[in-house]
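Coordinates from protein-v9.pdb are shown below (PDB, C-alpha atoms).
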```pdb
ATOM      1  CA  MET A   1      52.300  26.207 -44.076
ATOM      2  CA  LYS A   2      51.170  22.907 -45.562
ATOM      3  CA  LEU A   3      53.921  20.391 -46.214
ATOM      4  CA  LYS A   4      53.701  17.079 -48.057
ATOM      5  CA  PHE A   5      55.334  13.806 -47.067
ATOM      6  CA  GLU A   6      56.397  11.603 -49.967
ATOM      7  CA  PRO A   7      57.801   8.095 -49.461
ATOM      8  CA  VAL A   8      61.427   7.808 -50.542
ATOM      9  CA  THR A   9      61.654   5.634 -53.657
ATOM     10  CA  GLU A  10      64.285   4.995 -56.303
ATOM     11  CA  LYS A  11      62.735   7.903 -58.223
ATOM     12  CA  ASN A  12      63.437  10.513 -55.508
ATOM     13  CA  ARG A  13      66.280   8.828 -53.604
ATOM     14  CA  ALA A  14      68.909  11.200 -55.050
ATOM     15  CA  GLN A  15      66.901  14.189 -53.800
ATOM     16  CA  ALA A  16      66.793  12.676 -50.322
ATOM     17  CA  LEU A  17      70.532  11.988 -50.306
ATOM     18  CA  ARG A  18      71.269  15.656 -51.038
ATOM     19  CA  LEU A  19      69.650  16.752 -47.754
ATOM     20  CA  HIS A  20      71.981  17.668 -44.881
ATOM     21  CA  GLY A  21      71.692  19.665 -41.684
ATOM     22  CA  ALA A  22      73.446  22.980 -41.180
ATOM     23  CA  PRO A  23      77.225  23.094 -40.607
ATOM     24  CA  GLY A  24      77.987  22.127 -37.017
ATOM     25  CA  GLN A  25      74.963  19.837 -36.729
ATOM     26  CA  GLU A  26      76.829  16.680 -37.653
ATOM     27  CA  GLY A  27      76.010  13.889 -35.231
ATOM     28  CA  LEU A  28      72.674  15.352 -34.120
ATOM     29  CA  VAL A  29      70.678  13.364 -36.695
ATOM     30  CA  GLU A  30      71.955  10.379 -38.623
ATOM     31  CA  PRO A  31      72.767  11.068 -42.294
ATOM     32  CA  VAL A  32      70.005  10.289 -44.794
ATOM     33  CA  GLU A  33      72.224   7.642 -46.404
ATOM     34  CA  GLN A  34      72.406   5.745 -43.095
ATOM     35  CA  CYS A  35      68.646   6.090 -42.583
ATOM     36  CA  LEU A  36      67.895   4.639 -46.010
ATOM     37  CA  ALA A  37      70.292   1.747 -45.392
ATOM     38  CA  GLU A  38      68.488   1.002 -42.112
ATOM     39  CA  ALA A  39      65.119   1.177 -43.902
ATOM     40  CA  GLU A  40      66.352  -1.413 -46.406
ATOM     41  CA  GLN A  41      67.355  -3.731 -43.547
ATOM     42  CA  TRP A  42      64.109  -3.319 -41.578
ATOM     43  CA  LYS A  43      61.015  -2.855 -43.729
ATOM     44  CA  GLY A  44      59.039  -1.368 -40.828
ATOM     45  CA  TRP A  45      60.771   1.973 -41.330
ATOM     46  CA  ARG A  46      58.999   4.587 -43.436
ATOM     47  CA  PRO A  47      61.501   7.115 -44.867
ATOM     48  CA  VAL A  48      59.814  10.211 -46.313
ATOM     49  CA  LEU A  49      60.845  13.396 -48.071
ATOM     50  CA  ILE A  50      59.372  16.564 -46.590
ATOM     51  CA  LEU A  51      58.214  18.775 -49.449
ATOM     52  CA  ASP A  52      57.140  22.394 -49.692
ATOM     53  CA  GLY A  53      55.307  22.188 -52.994
ATOM     54  CA  GLU A  54      57.714  20.161 -55.113
ATOM     55  CA  ARG A  55      60.862  21.359 -53.290
ATOM     56  CA  PRO A  56      62.463  18.947 -50.780
ATOM     57  CA  VAL A  57      63.122  20.787 -47.508
ATOM     58  CA  GLY A  58      63.704  17.850 -45.183
ATOM     59  CA  PHE A  59      63.616  14.161 -44.403
ATOM     60  CA  ALA A  60      61.948  12.029 -41.754
ATOM     61  CA  MET A  61      61.773   8.356 -40.893
ATOM     62  CA  TYR A  62      59.246   6.649 -38.674
ATOM     63  CA  GLY A  63      57.913   3.189 -37.932
ATOM     64  CA  LYS A  64      56.219   0.864 -35.508
ATOM     65  CA  PHE A  65      58.300  -1.553 -33.484
ATOM     66  CA  PRO A  66      56.546  -4.790 -32.516
ATOM     67  CA  LEU A  67      57.786  -5.522 -29.013
ATOM     68  CA  GLU A  68      56.857  -8.454 -26.811
ATOM     69  CA  SER A  69      56.535  -6.202 -23.771
ATOM     70  CA  PHE A  70      54.235  -3.852 -25.717
ATOM     71  CA  PRO A  71      51.509  -5.967 -27.344
ATOM     72  CA  PHE A  72      50.497  -3.152 -29.695
ATOM     73  CA  GLY A  73      54.084  -2.074 -30.424
ATOM     74  CA  ARG A  74      55.687   1.333 -30.121
ATOM     75  CA  VAL A  75      55.456   4.027 -32.752
ATOM     76  CA  TRP A  76      58.718   5.934 -33.249
ATOM     77  CA  LEU A  77      59.410   9.201 -35.023
ATOM     78  CA  ASP A  78      62.994   8.165 -35.406
ATOM     79  CA  ARG A  79      64.484  10.876 -37.620
ATOM     80  CA  LEU A  80      63.551  14.446 -38.462
ATOM     81  CA  LEU A  81      65.922  16.595 -40.491
ATOM     82  CA  ILE A  82      65.300  20.010 -41.997
ATOM     83  CA  ALA A  83      67.984  20.841 -44.563
ATOM     84  CA  GLY A  84      70.386  23.515 -43.345
ATOM     85  CA  GLU A  85      69.428  26.036 -46.024
ATOM     86  CA  HIS A  86      65.752  25.744 -45.024
ATOM     87  CA  GLN A  87      66.149  26.041 -41.251
ATOM     88  CA  GLY A  88      64.704  29.028 -39.406
ATOM     89  CA  ARG A  89      61.667  29.309 -41.693
ATOM     90  CA  GLY A  90      59.105  27.320 -39.709
ATOM     91  CA  TYR A  91      59.611  24.041 -41.555
ATOM     92  CA  GLY A  92      60.542  22.130 -38.397
ATOM     93  CA  LYS A  93      57.319  23.122 -36.633
ATOM     94  CA  ALA A  94      55.173  22.426 -39.681
ATOM     95  CA  ALA A  95      56.890  19.083 -40.321
ATOM     96  CA  LEU A  96      56.524  17.948 -36.712
ATOM     97  CA  ALA A  97      52.829  18.884 -36.650
ATOM     98  CA  GLY A  98      52.247  17.023 -39.914
ATOM     99  CA  LEU A  99      54.210  13.976 -38.813
ATOM    100  CA  ILE A 100      52.333  13.712 -35.511
ATOM    101  CA  GLN A 101      49.054  13.799 -37.431
ATOM    102  CA  ARG A 102      50.337  11.277 -39.980
ATOM    103  CA  LEU A 103      51.510   8.807 -37.311
ATOM    104  CA  ARG A 104      48.261   9.111 -35.363
ATOM    105  CA  GLU A 105      46.238   8.403 -38.507
ATOM    106  CA  GLU A 106      48.478   5.658 -39.884
ATOM    107  CA  TYR A 107      49.006   3.731 -36.649
ATOM    108  CA  ARG A 108      46.041   4.812 -34.483
ATOM    109  CA  CYS A 109      48.569   5.115 -31.664
ATOM    110  CA  LYS A 110      48.191   6.504 -28.161
ATOM    111  CA  LYS A 111      51.873   7.396 -27.810
ATOM    112  CA  ILE A 112      54.674   8.495 -30.118
ATOM    113  CA  TYR A 113      58.285   7.987 -29.067
ATOM    114  CA  LEU A 114      61.510   9.559 -30.232
ATOM    115  CA  SER A 115      65.062   9.753 -28.980
ATOM    116  CA  ILE A 116      67.332  12.742 -28.935
ATOM    117  CA  VAL A 117      71.093  13.148 -28.840
ATOM    118  CA  GLU A 118      72.415  14.810 -25.699
ATOM    119  CA  GLY A 119      73.060  18.456 -26.476
ATOM    120  CA  ASN A 120      70.459  18.817 -29.239
ATOM    121  CA  TRP A 121      68.574  21.343 -27.138
ATOM    122  CA  ALA A 122      66.982  23.200 -30.063
ATOM    123  CA  ALA A 123      65.219  19.996 -31.119
ATOM    124  CA  ALA A 124      64.319  19.142 -27.511
ATOM    125  CA  GLU A 125      62.747  22.576 -27.089
ATOM    126  CA  LEU A 126      60.693  22.142 -30.272
ATOM    127  CA  TYR A 127      59.502  18.689 -29.214
ATOM    128  CA  GLN A 128      58.565  19.966 -25.751
ATOM    129  CA  LYS A 129      56.503  22.791 -27.282
ATOM    130  CA  PHE A 130      54.461  20.090 -29.015
ATOM    131  CA  GLY A 131      53.962  18.135 -25.792
ATOM    132  CA  PHE A 132      56.782  15.582 -25.892
ATOM    133  CA  ARG A 133      58.233  14.848 -22.445
ATOM    134  CA  PHE A 134      61.459  13.158 -21.364
ATOM    135  CA  THR A 135      60.830   9.673 -19.962
ATOM    136  CA  GLY A 136      64.035   9.496 -17.933
ATOM    137  CA  LYS A 137      65.141   6.503 -20.023
ATOM    138  CA  ARG A 138      67.715   6.089 -22.774
ATOM    139  CA  ASP A 139      67.722   4.028 -25.941
ATOM    140  CA  PRO A 140      70.442   1.433 -26.719
ATOM    141  CA  HIS A 141      72.608   4.226 -28.218
ATOM    142  CA  GLY A 142      72.435   6.339 -25.053
ATOM    143  CA  GLU A 143      70.016   8.887 -26.496
ATOM    144  CA  GLN A 144      67.317  10.341 -24.251
ATOM    145  CA  ILE A 145      63.816   9.043 -24.958
ATOM    146  CA  MET A 146      60.850  11.394 -25.222
ATOM    147  CA  VAL A 147      57.169  10.477 -25.489
ATOM    148  CA  TYR A 148      54.099  12.270 -26.809
ATOM    149  CA  LEU A 149      50.713  11.278 -25.398
ATOM    150  CA  CYS A 150      48.174  11.559 -28.199
ATOM    151  CA  PRO A 151      45.024  13.388 -27.099
ATOM    152  CA  LYS A 152      41.790  11.441 -27.410
ATOM    153  CA  LYS A 153      39.665  12.457 -30.364
TER     154      LYS A 153
END
```
Mind converting the file's structure to C-alpha cells?
Amino acid sequence: MKLKFEPVTEKNRAQALRLHGAPGQEGLVEPVEQCLAEAEQWKGWRPVLILDGERPVGFAMYGKFPLESFPFGRVWLDRLLIAGEHQGRGYGKAALAGLIQRLREEYRCKKIYLSIVEGNWAAAELYQKFGFRFTGKRDPHGEQIMVYLCPKK
C-alpha cells in the first residue's frame, strides 16, 4: 500500500478537519483542529493529510524542535491519526512506515521521538513493531516518550 502525504493548506483544510478517530478513542490523539491551531502558532510543525489515492484516510503532524541541550534538535512525530472508518485496513502501518521514511529524508535525523497517552496500547504495540522503544521519560503533558533509532544507510 502506497500512501501520499500532502501538506495541509487552506485548500484541503476542511478535509483534514473532517477526520476523527473511532468512537471511544477521544483523548488518545489531539483533534485535528487543535493540531492545526498549534501549527499556526509554531511554524516548525508540518501537518499533513494521509491520502490513499485522492481519499483522505488520516492526519499526521511532525516537526523538529531546536533545543539548546540537543544542538541538532529533536525530530518528533507528534500526531498520527487514522480516521475511524479506515482503521483495521493497514493504513496505520503504511502511514507509519511512510512517515519514518519522510522524516529521515527531510531531517537526516538519527532519532525520531513521539509521545503516547497512557492506555493507548494499540498504538504503542504498532510503534514497538517498527522499533520504537520507551525511554522511561515523560513529556510535559505526562505522556510516555518513545524513540526510534534510525538505522545507518
Enumerate, as a PyMOL selection string, the protein, DNA and RNA residues whose atoms approach (58.7, 7.3, -34.0) to within 10 Å, taking into account all atoms listed in the file and the coordinate frame of the file.
chain A and resi 45-46+60-65+74-80+99-100+103+111-115+146-148
Would you output that residue set with C-alpha atoms, as a compact mmCIF listing (two decimals), in the frame of the given file?
```txt
# COMPACT_ATOMS: atom_id res chain seq x y z
CA TRP A 45 60.77 1.97 -41.33
CA ARG A 46 59.00 4.59 -43.44
CA ALA A 60 61.95 12.03 -41.75
CA MET A 61 61.77 8.36 -40.89
CA TYR A 62 59.25 6.65 -38.67
CA GLY A 63 57.91 3.19 -37.93
CA LYS A 64 56.22 0.86 -35.51
CA PHE A 65 58.30 -1.55 -33.48
CA ARG A 74 55.69 1.33 -30.12
CA VAL A 75 55.46 4.03 -32.75
CA TRP A 76 58.72 5.93 -33.25
CA LEU A 77 59.41 9.20 -35.02
CA ASP A 78 62.99 8.16 -35.41
CA ARG A 79 64.48 10.88 -37.62
CA LEU A 80 63.55 14.45 -38.46
CA LEU A 99 54.21 13.98 -38.81
CA ILE A 100 52.33 13.71 -35.51
CA LEU A 103 51.51 8.81 -37.31
CA LYS A 111 51.87 7.40 -27.81
CA ILE A 112 54.67 8.49 -30.12
CA TYR A 113 58.28 7.99 -29.07
CA LEU A 114 61.51 9.56 -30.23
CA SER A 115 65.06 9.75 -28.98
CA MET A 146 60.85 11.39 -25.22
CA VAL A 147 57.17 10.48 -25.49
CA TYR A 148 54.10 12.27 -26.81
```
If the PyMOL selection byres ((chain A and resi 134) around 9) were run on this exact file, what residues would it hold? Put them as a PyMOL selection string.
chain A and resi 128+132-133+135-137+144-147
Would you write out those residues with C-alpha atoms, as a PDB file, keeping the file's coordinate frame?
```
ATOM      1  CA  GLN A 128      58.565  19.966 -25.751  1.00  0.00           C
ATOM      2  CA  PHE A 132      56.782  15.582 -25.892  1.00  0.00           C
ATOM      3  CA  ARG A 133      58.233  14.848 -22.445  1.00  0.00           C
ATOM      4  CA  THR A 135      60.830   9.673 -19.962  1.00  0.00           C
ATOM      5  CA  GLY A 136      64.035   9.496 -17.933  1.00  0.00           C
ATOM      6  CA  LYS A 137      65.141   6.503 -20.023  1.00  0.00           C
ATOM      7  CA  GLN A 144      67.317  10.341 -24.251  1.00  0.00           C
ATOM      8  CA  ILE A 145      63.816   9.043 -24.958  1.00  0.00           C
ATOM      9  CA  MET A 146      60.850  11.394 -25.222  1.00  0.00           C
ATOM     10  CA  VAL A 147      57.169  10.477 -25.489  1.00  0.00           C
TER      11      VAL A 147
END
```
One-decimal distance in Å that lies between CA of Cys150 in chain A and CA of Pro66 in chain A
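If I compute the distance from CA of Pro66 in chain A to CA of Cys150 in chain A, I get 18.9 Å.
The shortest atom-to-atom distance to Lys2 in chain A, with only C-alpha atoms taken into account, belongs to A:Glu54 out of A:Glu40, A:Glu118, A:Glu54, A:Glu125.
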Counting all atoms listed in the file, which residue out of A:Ala94, A:Val48, A:Leu149, A:Ile116 sits closest to Leu3 in chain A?
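Going through A:Ala94, A:Val48, A:Leu149, A:Ile116 one by one, the smallest distance to Leu3 in chain A is for A:Ala94.
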Take the PyMOL selection byres ((chain A and resi 20) around 9), run it mentally on this structure, and tell me the resulting residues as JSON, numbers by chain.
{"A": [17, 18, 19, 21, 22, 23, 25, 26, 31, 32, 58, 81, 82, 83, 84, 85]}
Output file for the residues above (C-alpha atoms, as a short mmCIF file (atom, residue, chain, number, x, y, z; two decimals), in the frame of the given file):
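Okay, this is what ended up in again_38.cif:
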```
data_model
loop_
_atom_site.label_atom_id
_atom_site.label_comp_id
_atom_site.auth_asym_id
_atom_site.auth_seq_id
_atom_site.Cartn_x
_atom_site.Cartn_y
_atom_site.Cartn_z
CA LEU A 17 70.53 11.99 -50.31
CA ARG A 18 71.27 15.66 -51.04
CA LEU A 19 69.65 16.75 -47.75
CA GLY A 21 71.69 19.66 -41.68
CA ALA A 22 73.45 22.98 -41.18
CA PRO A 23 77.22 23.09 -40.61
CA GLN A 25 74.96 19.84 -36.73
CA GLU A 26 76.83 16.68 -37.65
CA PRO A 31 72.77 11.07 -42.29
CA VAL A 32 70.00 10.29 -44.79
CA GLY A 58 63.70 17.85 -45.18
CA LEU A 81 65.92 16.60 -40.49
CA ILE A 82 65.30 20.01 -42.00
CA ALA A 83 67.98 20.84 -44.56
CA GLY A 84 70.39 23.52 -43.34
CA GLU A 85 69.43 26.04 -46.02
#
```
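Among A:Thr9, A:Ile50, A:Lys152, A:Met1, the residue with the shortest atom-to-atom distance to Arg108 in chain A, counting only C-alpha atoms, is A:Lys152.
Interatomic distance, CA of Gly90 in chain A against CA of Tyr127 in chain A: 13.6 Å.
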Interatomic distance between CA of Tyr91 in chain A and CA of Val29 in chain A?
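Distance reported for this atom pair: 16.1 Å.
Proximity to Ala95 in chain A was assessed for A:Lys4, A:Ala37, A:Gly27, A:Trp42 counting only C-alpha atoms; the smallest distance is recorded for A:Lys4.
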Could you check the closest approach to Val8 in chain A for each of A:Arg102, A:Pro47, A:Glu33, A:Ala97 and tell me which residue wins, using all atoms listed in the file?
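The shortest atom-to-atom distance to Val8 in chain A comes from A:Pro47.
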Exercise: Leu49 in chain A partners within 6 Å, all atoms listed in the file, chain neighbours under 6 positions left out, as a list of chain:residue names:
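Here the answer would be A:Phe5, A:Glu6, A:Phe59.
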Residue among A:Ala14, A:Val117, A:Leu36, A:Tyr107 lying closest to Arg138 in chain A, counting all atoms listed in the file:
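Smallest distance to Arg138 in chain A is found for A:Val117.
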Name the residues in contact with Lys129 in chain A at a cut-off of 12 Å, using only C-alpha atoms, excluding same-chain residues fewer than 5 positions from it; report them as number ranges by chain.
A: 92-93, 96-97, 122-124, 148
Taking every listed atom of range 2-9 of chain A and adding 8 Å to each side, what centre and edge lengths in Å (one decimal) does the axis-aligned box have, as JSON?
```
{"center_x": 56.4, "center_y": 14.3, "center_z": -49.6, "size_x": 26.5, "size_y": 33.3, "size_z": 24.1}
```
Is it possible to add N, CA and C atoms to range 34-63 of chain A and hand it back as a PDB file, keeping the file's coordinate frame?
```pdb
ATOM      1  N   GLN A  34      72.494   6.761 -44.143  1.00  0.00           N
ATOM      2  CA  GLN A  34      72.406   5.745 -43.095  1.00  0.00           C
ATOM      3  C   GLN A  34      70.948   5.363 -42.833  1.00  0.00           C
ATOM      4  N   CYS A  35      70.072   6.355 -42.809  1.00  0.00           N
ATOM      5  CA  CYS A  35      68.646   6.090 -42.583  1.00  0.00           C
ATOM      6  C   CYS A  35      68.085   5.165 -43.657  1.00  0.00           C
ATOM      7  N   LEU A  36      68.409   5.456 -44.914  1.00  0.00           N
ATOM      8  CA  LEU A  36      67.895   4.639 -46.010  1.00  0.00           C
ATOM      9  C   LEU A  36      68.456   3.221 -45.959  1.00  0.00           C
ATOM     10  N   ALA A  37      69.704   3.084 -45.547  1.00  0.00           N
ATOM     11  CA  ALA A  37      70.292   1.747 -45.392  1.00  0.00           C
ATOM     12  C   ALA A  37      69.557   0.976 -44.295  1.00  0.00           C
ATOM     13  N   GLU A  38      69.231   1.651 -43.194  1.00  0.00           N
ATOM     14  CA  GLU A  38      68.488   1.002 -42.112  1.00  0.00           C
ATOM     15  C   GLU A  38      67.090   0.609 -42.577  1.00  0.00           C
ATOM     16  N   ALA A  39      66.464   1.466 -43.393  1.00  0.00           N
ATOM     17  CA  ALA A  39      65.119   1.177 -43.902  1.00  0.00           C
ATOM     18  C   ALA A  39      65.133  -0.020 -44.852  1.00  0.00           C
ATOM     19  N   GLU A  40      66.241  -0.237 -45.537  1.00  0.00           N
ATOM     20  CA  GLU A  40      66.352  -1.413 -46.406  1.00  0.00           C
ATOM     21  C   GLU A  40      66.502  -2.685 -45.579  1.00  0.00           C
ATOM     22  N   GLN A  41      67.160  -2.575 -44.416  1.00  0.00           N
ATOM     23  CA  GLN A  41      67.355  -3.731 -43.547  1.00  0.00           C
ATOM     24  C   GLN A  41      66.086  -4.090 -42.784  1.00  0.00           C
ATOM     25  N   TRP A  42      65.337  -3.081 -42.339  1.00  0.00           N
ATOM     26  CA  TRP A  42      64.109  -3.319 -41.578  1.00  0.00           C
ATOM     27  C   TRP A  42      62.960  -2.625 -42.286  1.00  0.00           C
ATOM     28  N   LYS A  43      62.080  -3.396 -42.874  1.00  0.00           N
ATOM     29  CA  LYS A  43      61.015  -2.855 -43.729  1.00  0.00           C
ATOM     30  C   LYS A  43      59.937  -2.103 -42.951  1.00  0.00           C
ATOM     31  N   GLY A  44      60.005  -2.122 -41.631  1.00  0.00           N
ATOM     32  CA  GLY A  44      59.039  -1.368 -40.828  1.00  0.00           C
ATOM     33  C   GLY A  44      59.276   0.127 -40.843  1.00  0.00           C
ATOM     34  N   TRP A  45      60.480   0.539 -41.252  1.00  0.00           N
ATOM     35  CA  TRP A  45      60.771   1.973 -41.330  1.00  0.00           C
ATOM     36  C   TRP A  45      60.081   2.585 -42.539  1.00  0.00           C
ATOM     37  N   ARG A  46      59.625   3.820 -42.360  1.00  0.00           N
ATOM     38  CA  ARG A  46      58.999   4.587 -43.436  1.00  0.00           C
ATOM     39  C   ARG A  46      59.796   5.869 -43.654  1.00  0.00           C
ATOM     40  N   PRO A  47      60.762   5.879 -44.576  1.00  0.00           N
ATOM     41  CA  PRO A  47      61.501   7.115 -44.867  1.00  0.00           C
ATOM     42  C   PRO A  47      60.679   7.994 -45.812  1.00  0.00           C
ATOM     43  N   VAL A  48      60.597   9.285 -45.490  1.00  0.00           N
ATOM     44  CA  VAL A  48      59.814  10.211 -46.313  1.00  0.00           C
ATOM     45  C   VAL A  48      60.577  11.504 -46.562  1.00  0.00           C
ATOM     46  N   LEU A  49      60.374  12.049 -47.758  1.00  0.00           N
ATOM     47  CA  LEU A  49      60.845  13.396 -48.071  1.00  0.00           C
ATOM     48  C   LEU A  49      59.809  14.370 -47.541  1.00  0.00           C
ATOM     49  N   ILE A  50      60.269  15.494 -47.014  1.00  0.00           N
ATOM     50  CA  ILE A  50      59.372  16.564 -46.590  1.00  0.00           C
ATOM     51  C   ILE A  50      59.427  17.614 -47.688  1.00  0.00           C
ATOM     52  N   LEU A  51      58.271  17.892 -48.291  1.00  0.00           N
ATOM     53  CA  LEU A  51      58.214  18.775 -49.449  1.00  0.00           C
ATOM     54  C   LEU A  51      57.384  20.023 -49.175  1.00  0.00           C
ATOM     55  N   ASP A  52      57.904  21.151 -49.637  1.00  0.00           N
ATOM     56  CA  ASP A  52      57.140  22.394 -49.692  1.00  0.00           C
ATOM     57  C   ASP A  52      56.830  22.582 -51.173  1.00  0.00           C
ATOM     58  N   GLY A  53      55.615  22.254 -51.565  1.00  0.00           N
ATOM     59  CA  GLY A  53      55.307  22.188 -52.994  1.00  0.00           C
ATOM     60  C   GLY A  53      56.035  20.991 -53.571  1.00  0.00           C
ATOM     61  N   GLU A  54      56.909  21.239 -54.524  1.00  0.00           N
ATOM     62  CA  GLU A  54      57.714  20.161 -55.113  1.00  0.00           C
ATOM     63  C   GLU A  54      59.160  20.201 -54.622  1.00  0.00           C
ATOM     64  N   ARG A  55      59.481  21.166 -53.755  1.00  0.00           N
ATOM     65  CA  ARG A  55      60.862  21.359 -53.290  1.00  0.00           C
ATOM     66  C   ARG A  55      61.119  20.576 -52.004  1.00  0.00           C
ATOM     67  N   PRO A  56      62.101  19.658 -52.005  1.00  0.00           N
ATOM     68  CA  PRO A  56      62.463  18.947 -50.780  1.00  0.00           C
ATOM     69  C   PRO A  56      63.108  19.904 -49.773  1.00  0.00           C
ATOM     70  N   VAL A  57      62.565  19.931 -48.563  1.00  0.00           N
ATOM     71  CA  VAL A  57      63.122  20.787 -47.508  1.00  0.00           C
ATOM     72  C   VAL A  57      63.603  19.967 -46.317  1.00  0.00           C
ATOM     73  N   GLY A  58      63.289  18.666 -46.306  1.00  0.00           N
ATOM     74  CA  GLY A  58      63.704  17.850 -45.183  1.00  0.00           C
ATOM     75  C   GLY A  58      63.428  16.379 -45.411  1.00  0.00           C
ATOM     76  N   PHE A  59      63.719  15.617 -44.369  1.00  0.00           N
ATOM     77  CA  PHE A  59      63.616  14.161 -44.403  1.00  0.00           C
ATOM     78  C   PHE A  59      63.145  13.699 -43.035  1.00  0.00           C
ATOM     79  N   ALA A  60      62.350  12.643 -43.019  1.00  0.00           N
ATOM     80  CA  ALA A  60      61.948  12.029 -41.754  1.00  0.00           C
ATOM     81  C   ALA A  60      61.865  10.518 -41.957  1.00  0.00           C
ATOM     82  N   MET A  61      61.938   9.804 -40.854  1.00  0.00           N
ATOM     83  CA  MET A  61      61.773   8.356 -40.893  1.00  0.00           C
ATOM     84  C   MET A  61      61.041   7.939 -39.632  1.00  0.00           C
ATOM     85  N   TYR A  62      60.039   7.105 -39.806  1.00  0.00           N
ATOM     86  CA  TYR A  62      59.246   6.649 -38.674  1.00  0.00           C
ATOM     87  C   TYR A  62      58.864   5.190 -38.878  1.00  0.00           C
ATOM     88  N   GLY A  63      58.338   4.577 -37.823  1.00  0.00           N
ATOM     89  CA  GLY A  63      57.913   3.189 -37.932  1.00  0.00           C
ATOM     90  C   GLY A  63      57.322   2.696 -36.635  1.00  0.00           C
TER      91      GLY A  63
END
```
